[in-house]
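> Just passing along the structure, written as structure tokens.
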Amino acid sequence: MAFGLISALLSGCSAGTGAIIDFASLERPDSPNNFLVCPDGFCRAAVDMPSPAFAASPDVLFAATKRALGRQERTALELEDQPRRQLVYVQRSALMRFPDRVWIEIVPLPGNRSGLAVFSRSIYGYSDLGVNKGRVLAWLDAIGAELAAR
């Protein structure tokens with residue numbers, strides 16, 4: 001019974017507002033509950049892995065990203081800045097409905113290609129047991145599949 005009450009309270013918790021971020025000046029927290037992907041030289045902070053380069057223009061990648069992530073479970077688009085090609089999503093965990101926030105920015109690359117800057121961070125807790133990394137890798141795969149299907 002206590003578990004049900006706690007779960008109900010947490011599922012109604014707001015994740016707050018995820019303002020647009022500047023990846024060039026992003027400072028990562030010391031906690032291990034985040035994961036960062038950026039094209040080479042785009043982020044000042046140390047990245048966990050470089051962004052793949054997609055054979056698509058920034059506008060095409062932006063649209064494909066929105067389509068692919070619109071199909072992710074327990075995921076809501078929280079904010080969109082089209083001029084910056086930046087999106088902010090909140091994805092909630094299945095059991096306790098804890099929110100994690102994900103910032104994505106489409107980065108133009110030479111040769112009509114594009115990359116993604118992605119910062120995924122747990123809102124609550126110190127460690128995430130690899131959830132943010134797993135999410136980012138799965139989302140990159142989903143975006144790649146969306147581009148391949150077009």
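The way I read the labels, and the way they are meant: chains A, B, ... in the order of the structure tokens, residue 1 as the first residue of every chain, and ligand 1 as the first ligand shown, with later ones counted on from there.
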Write out as a ChimeraX atom specification all residues of segment 27-107 of chain A that DSSP puts in helix (DSSP H, G or I) for this structure's backbone.
/A:58-70
> Env of Trp103 of chain A: 9 Å cut, atoms = only C-alpha atoms, seq-sep filter 3 positions within chain, self excluded. Answer as an NGL selection string.
:A and (18 or 20-21 or 86-90 or 117-121)
> Could you please take those selected residues and save N, CA and C atoms as a PDB file, in the first residue's frame?

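The file below, out-v1.pdb, is the result:
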```pdb
ATOM      1  N   GLY A  18      12.766  22.063 -18.865  1.00  0.00           N
ATOM      2  CA  GLY A  18      14.080  21.889 -19.456  1.00  0.00           C
ATOM      3  C   GLY A  18      14.360  22.999 -20.440  1.00  0.00           C
ATOM      4  N   ILE A  20      16.401  25.406 -23.010  1.00  0.00           N
ATOM      5  CA  ILE A  20      17.395  25.171 -24.049  1.00  0.00           C
ATOM      6  C   ILE A  20      18.776  25.330 -23.417  1.00  0.00           C
ATOM      7  N   ILE A  21      19.726  24.479 -23.818  1.00  0.00           N
ATOM      8  CA  ILE A  21      21.081  24.583 -23.281  1.00  0.00           C
ATOM      9  C   ILE A  21      22.060  24.943 -24.394  1.00  0.00           C
ATOM     10  N   GLN A  86      16.967  22.528 -31.735  1.00  0.00           N
ATOM     11  CA  GLN A  86      17.154  21.863 -30.453  1.00  0.00           C
ATOM     12  C   GLN A  86      15.798  21.379 -29.928  1.00  0.00           C
ATOM     13  N   LEU A  87      15.820  20.174 -29.365  1.00  0.00           N
ATOM     14  CA  LEU A  87      14.642  19.539 -28.792  1.00  0.00           C
ATOM     15  C   LEU A  87      14.951  19.144 -27.353  1.00  0.00           C
ATOM     16  N   VAL A  88      13.950  19.199 -26.504  1.00  0.00           N
ATOM     17  CA  VAL A  88      14.098  18.735 -25.120  1.00  0.00           C
ATOM     18  C   VAL A  88      12.973  17.735 -24.864  1.00  0.00           C
ATOM     19  N   TYR A  89      13.364  16.535 -24.463  1.00  0.00           N
ATOM     20  CA  TYR A  89      12.413  15.464 -24.172  1.00  0.00           C
ATOM     21  C   TYR A  89      12.504  15.074 -22.699  1.00  0.00           C
ATOM     22  N   VAL A  90      11.400  14.550 -22.187  1.00  0.00           N
ATOM     23  CA  VAL A  90      11.380  13.909 -20.879  1.00  0.00           C
ATOM     24  C   VAL A  90      10.910  12.481 -21.101  1.00  0.00           C
ATOM     25  N   ALA A 117      24.144  16.499 -31.076  1.00  0.00           N
ATOM     26  CA  ALA A 117      24.627  16.678 -29.710  1.00  0.00           C
ATOM     27  C   ALA A 117      23.482  16.191 -28.829  1.00  0.00           C
ATOM     28  N   VAL A 118      23.767  15.250 -27.939  1.00  0.00           N
ATOM     29  CA  VAL A 118      22.729  14.661 -27.084  1.00  0.00           C
ATOM     30  C   VAL A 118      23.249  14.625 -25.654  1.00  0.00           C
ATOM     31  N   PHE A 119      22.490  15.211 -24.744  1.00  0.00           N
ATOM     32  CA  PHE A 119      22.823  15.170 -23.327  1.00  0.00           C
ATOM     33  C   PHE A 119      21.622  14.598 -22.590  1.00  0.00           C
ATOM     34  N   SER A 120      21.782  13.411 -22.036  1.00  0.00           N
ATOM     35  CA  SER A 120      20.720  12.721 -21.310  1.00  0.00           C
ATOM     36  C   SER A 120      21.093  12.694 -19.840  1.00  0.00           C
ATOM     37  N   ARG A 121      20.163  13.133 -18.991  1.00  0.00           N
ATOM     38  CA  ARG A 121      20.488  13.259 -17.566  1.00  0.00           C
ATOM     39  C   ARG A 121      19.296  12.878 -16.699  1.00  0.00           C
TER      40      ARG A 121
END
```
> Which neighbours of Phe42 of chain A fall inside 10 Å, counting only C-alpha atoms, when residues of the same chain fewer than 6 positions from it are skipped, and could you give them as a list in words?
Phe23, Ala24, Ser25, Pro50, Ser51, Val107, Gly115, Leu116 and Ala117 of chain A
> How would you write, as a tab-separated table (two decimals) with N, CA and C atoms, in the first residue's frame, the set of residues in chain A that DSSP gives as strand (DSSP E or B)?

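See result-v2.tsv below for the written result:
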```
chain	number	residue	atom	x	y	z
A	34	ASN	N	24.49	10.72	-16.15
A	34	ASN	CA	24.28	11.43	-17.41
A	34	ASN	C	25.16	10.82	-18.50
A	35	PHE	N	24.85	11.19	-19.74
A	35	PHE	CA	25.59	10.67	-20.89
A	35	PHE	C	25.59	11.76	-21.96
A	36	LEU	N	26.78	12.01	-22.56
A	36	LEU	CA	26.92	13.09	-23.53
A	36	LEU	C	27.54	12.59	-24.83
A	37	VAL	N	26.89	12.93	-25.93
A	37	VAL	CA	27.36	12.62	-27.28
A	37	VAL	C	27.43	13.94	-28.04
A	38	CYS	N	28.56	14.20	-28.72
A	38	CYS	CA	28.70	15.42	-29.51
A	38	CYS	C	29.59	15.16	-30.72
A	49	MET	N	31.00	9.67	-26.02
A	49	MET	CA	31.29	9.12	-27.35
A	49	MET	C	31.02	10.20	-28.39
A	50	PRO	N	31.72	10.13	-29.51
A	50	PRO	CA	31.45	11.11	-30.56
A	50	PRO	C	30.14	10.78	-31.27
A	54	PHE	N	25.43	11.65	-39.91
A	54	PHE	CA	24.31	11.15	-40.70
A	54	PHE	C	24.35	11.79	-42.08
A	75	THR	N	7.69	8.92	-23.38
A	75	THR	CA	8.52	10.04	-23.78
A	75	THR	C	7.65	11.17	-24.29
A	76	ALA	N	7.94	12.38	-23.84
A	76	ALA	CA	7.18	13.55	-24.28
A	76	ALA	C	8.15	14.66	-24.71
A	77	LEU	N	7.80	15.30	-25.81
A	77	LEU	CA	8.55	16.47	-26.24
A	77	LEU	C	8.17	17.61	-25.32
A	78	GLU	N	9.16	18.17	-24.64
A	78	GLU	CA	8.91	19.22	-23.67
A	78	GLU	C	9.12	20.61	-24.27
A	79	LEU	N	10.08	20.73	-25.16
A	79	LEU	CA	10.42	22.04	-25.71
A	79	LEU	C	11.05	21.86	-27.08
A	80	GLU	N	10.76	22.78	-27.98
A	80	GLU	CA	11.34	22.74	-29.32
A	80	GLU	C	11.77	24.14	-29.72
A	81	ASP	N	13.00	24.27	-30.17
A	81	ASP	CA	13.53	25.53	-30.68
A	81	ASP	C	13.98	25.27	-32.12
A	86	GLN	N	16.97	22.53	-31.74
A	86	GLN	CA	17.15	21.86	-30.45
A	86	GLN	C	15.80	21.38	-29.93
A	87	LEU	N	15.82	20.17	-29.36
A	87	LEU	CA	14.64	19.54	-28.79
A	87	LEU	C	14.95	19.14	-27.35
A	88	VAL	N	13.95	19.20	-26.50
A	88	VAL	CA	14.10	18.73	-25.12
A	88	VAL	C	12.97	17.74	-24.86
A	89	TYR	N	13.36	16.54	-24.46
A	89	TYR	CA	12.41	15.46	-24.17
A	89	TYR	C	12.50	15.07	-22.70
A	90	VAL	N	11.40	14.55	-22.19
A	90	VAL	CA	11.38	13.91	-20.88
A	90	VAL	C	10.91	12.48	-21.10
A	91	GLN	N	11.69	11.53	-20.59
A	91	GLN	CA	11.28	10.13	-20.63
A	91	GLN	C	11.18	9.65	-19.19
A	92	ARG	N	10.10	8.97	-18.89
A	92	ARG	CA	9.87	8.47	-17.52
A	92	ARG	C	10.15	6.98	-17.45
A	99	PRO	N	11.47	10.89	-13.93
A	99	PRO	CA	11.75	11.56	-15.19
A	99	PRO	C	13.25	11.72	-15.44
A	100	ASP	N	13.64	11.54	-16.68
A	100	ASP	CA	14.98	11.87	-17.16
A	100	ASP	C	14.79	12.88	-18.28
A	101	ARG	N	15.69	13.83	-18.37
A	101	ARG	CA	15.58	14.86	-19.41
A	101	ARG	C	16.68	14.65	-20.44
A	102	VAL	N	16.32	14.86	-21.72
A	102	VAL	CA	17.27	14.68	-22.82
A	102	VAL	C	17.22	15.90	-23.73
A	103	TRP	N	18.38	16.53	-23.90
A	103	TRP	CA	18.52	17.66	-24.81
A	103	TRP	C	19.18	17.15	-26.09
A	104	ILE	N	18.67	17.58	-27.22
A	104	ILE	CA	19.21	17.18	-28.52
A	104	ILE	C	19.34	18.41	-29.40
A	105	GLU	N	20.49	18.55	-30.03
A	105	GLU	CA	20.68	19.63	-31.00
A	105	GLU	C	21.27	19.04	-32.28
A	106	ILE	N	20.69	19.43	-33.40
A	106	ILE	CA	21.18	18.99	-34.71
A	106	ILE	C	22.35	19.90	-35.08
A	107	VAL	N	23.46	19.28	-35.48
A	107	VAL	CA	24.68	20.03	-35.79
A	107	VAL	C	25.03	19.84	-37.27
A	108	PRO	N	25.06	20.94	-38.04
A	108	PRO	CA	25.47	20.82	-39.45
A	108	PRO	C	26.93	20.39	-39.56
A	109	LEU	N	27.19	19.49	-40.49
A	109	LEU	CA	28.56	19.02	-40.75
A	109	LEU	C	28.86	19.24	-42.23
A	113	ARG	N	25.98	16.74	-44.44
A	113	ARG	CA	25.78	15.74	-43.39
A	113	ARG	C	25.42	16.48	-42.10
A	114	SER	N	25.00	15.73	-41.11
A	114	SER	CA	24.63	16.30	-39.82
A	114	SER	C	25.00	15.35	-38.70
A	115	GLY	N	25.20	15.92	-37.54
A	115	GLY	CA	25.45	15.15	-36.33
A	115	GLY	C	24.46	15.56	-35.26
A	116	LEU	N	24.52	14.88	-34.15
A	116	LEU	CA	23.65	15.18	-33.02
A	116	LEU	C	24.47	15.43	-31.76
A	117	ALA	N	24.14	16.50	-31.08
A	117	ALA	CA	24.63	16.68	-29.71
A	117	ALA	C	23.48	16.19	-28.83
A	118	VAL	N	23.77	15.25	-27.94
A	118	VAL	CA	22.73	14.66	-27.08
A	118	VAL	C	23.25	14.63	-25.65
A	119	PHE	N	22.49	15.21	-24.74
A	119	PHE	CA	22.82	15.17	-23.33
A	119	PHE	C	21.62	14.60	-22.59
A	120	SER	N	21.78	13.41	-22.04
A	120	SER	CA	20.72	12.72	-21.31
A	120	SER	C	21.09	12.69	-19.84
A	121	ARG	N	20.16	13.13	-18.99
A	121	ARG	CA	20.49	13.26	-17.57
A	121	ARG	C	19.30	12.88	-16.70
A	122	SER	N	19.58	12.09	-15.67
A	122	SER	CA	18.56	11.77	-14.68
A	122	SER	C	18.28	13.02	-13.85
```
> If I take atom CA of Val131 of chain A and atom CA of Ser93 of chain A, how far is one from the other in Å, to one decimal?
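About the pair atom CA of Val131 of chain A and atom CA of Ser93 of chain A: they are 9.5 Å apart.
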> When distances are computed from only C-alpha atoms, which of A:Glu27, A:Asn33, A:Arg85, A:Pro52 shows the smallest separation from Lys133 of chain A?
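Counting only C-alpha atoms, the residue closest to Lys133 of chain A is A:Asn33.
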> What gap, in Å, lies between atom CA of Pro39 of chain A and atom CA of Pro110 of chain A?
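Rounded to one decimal, the two atoms are 11.7 Å apart.
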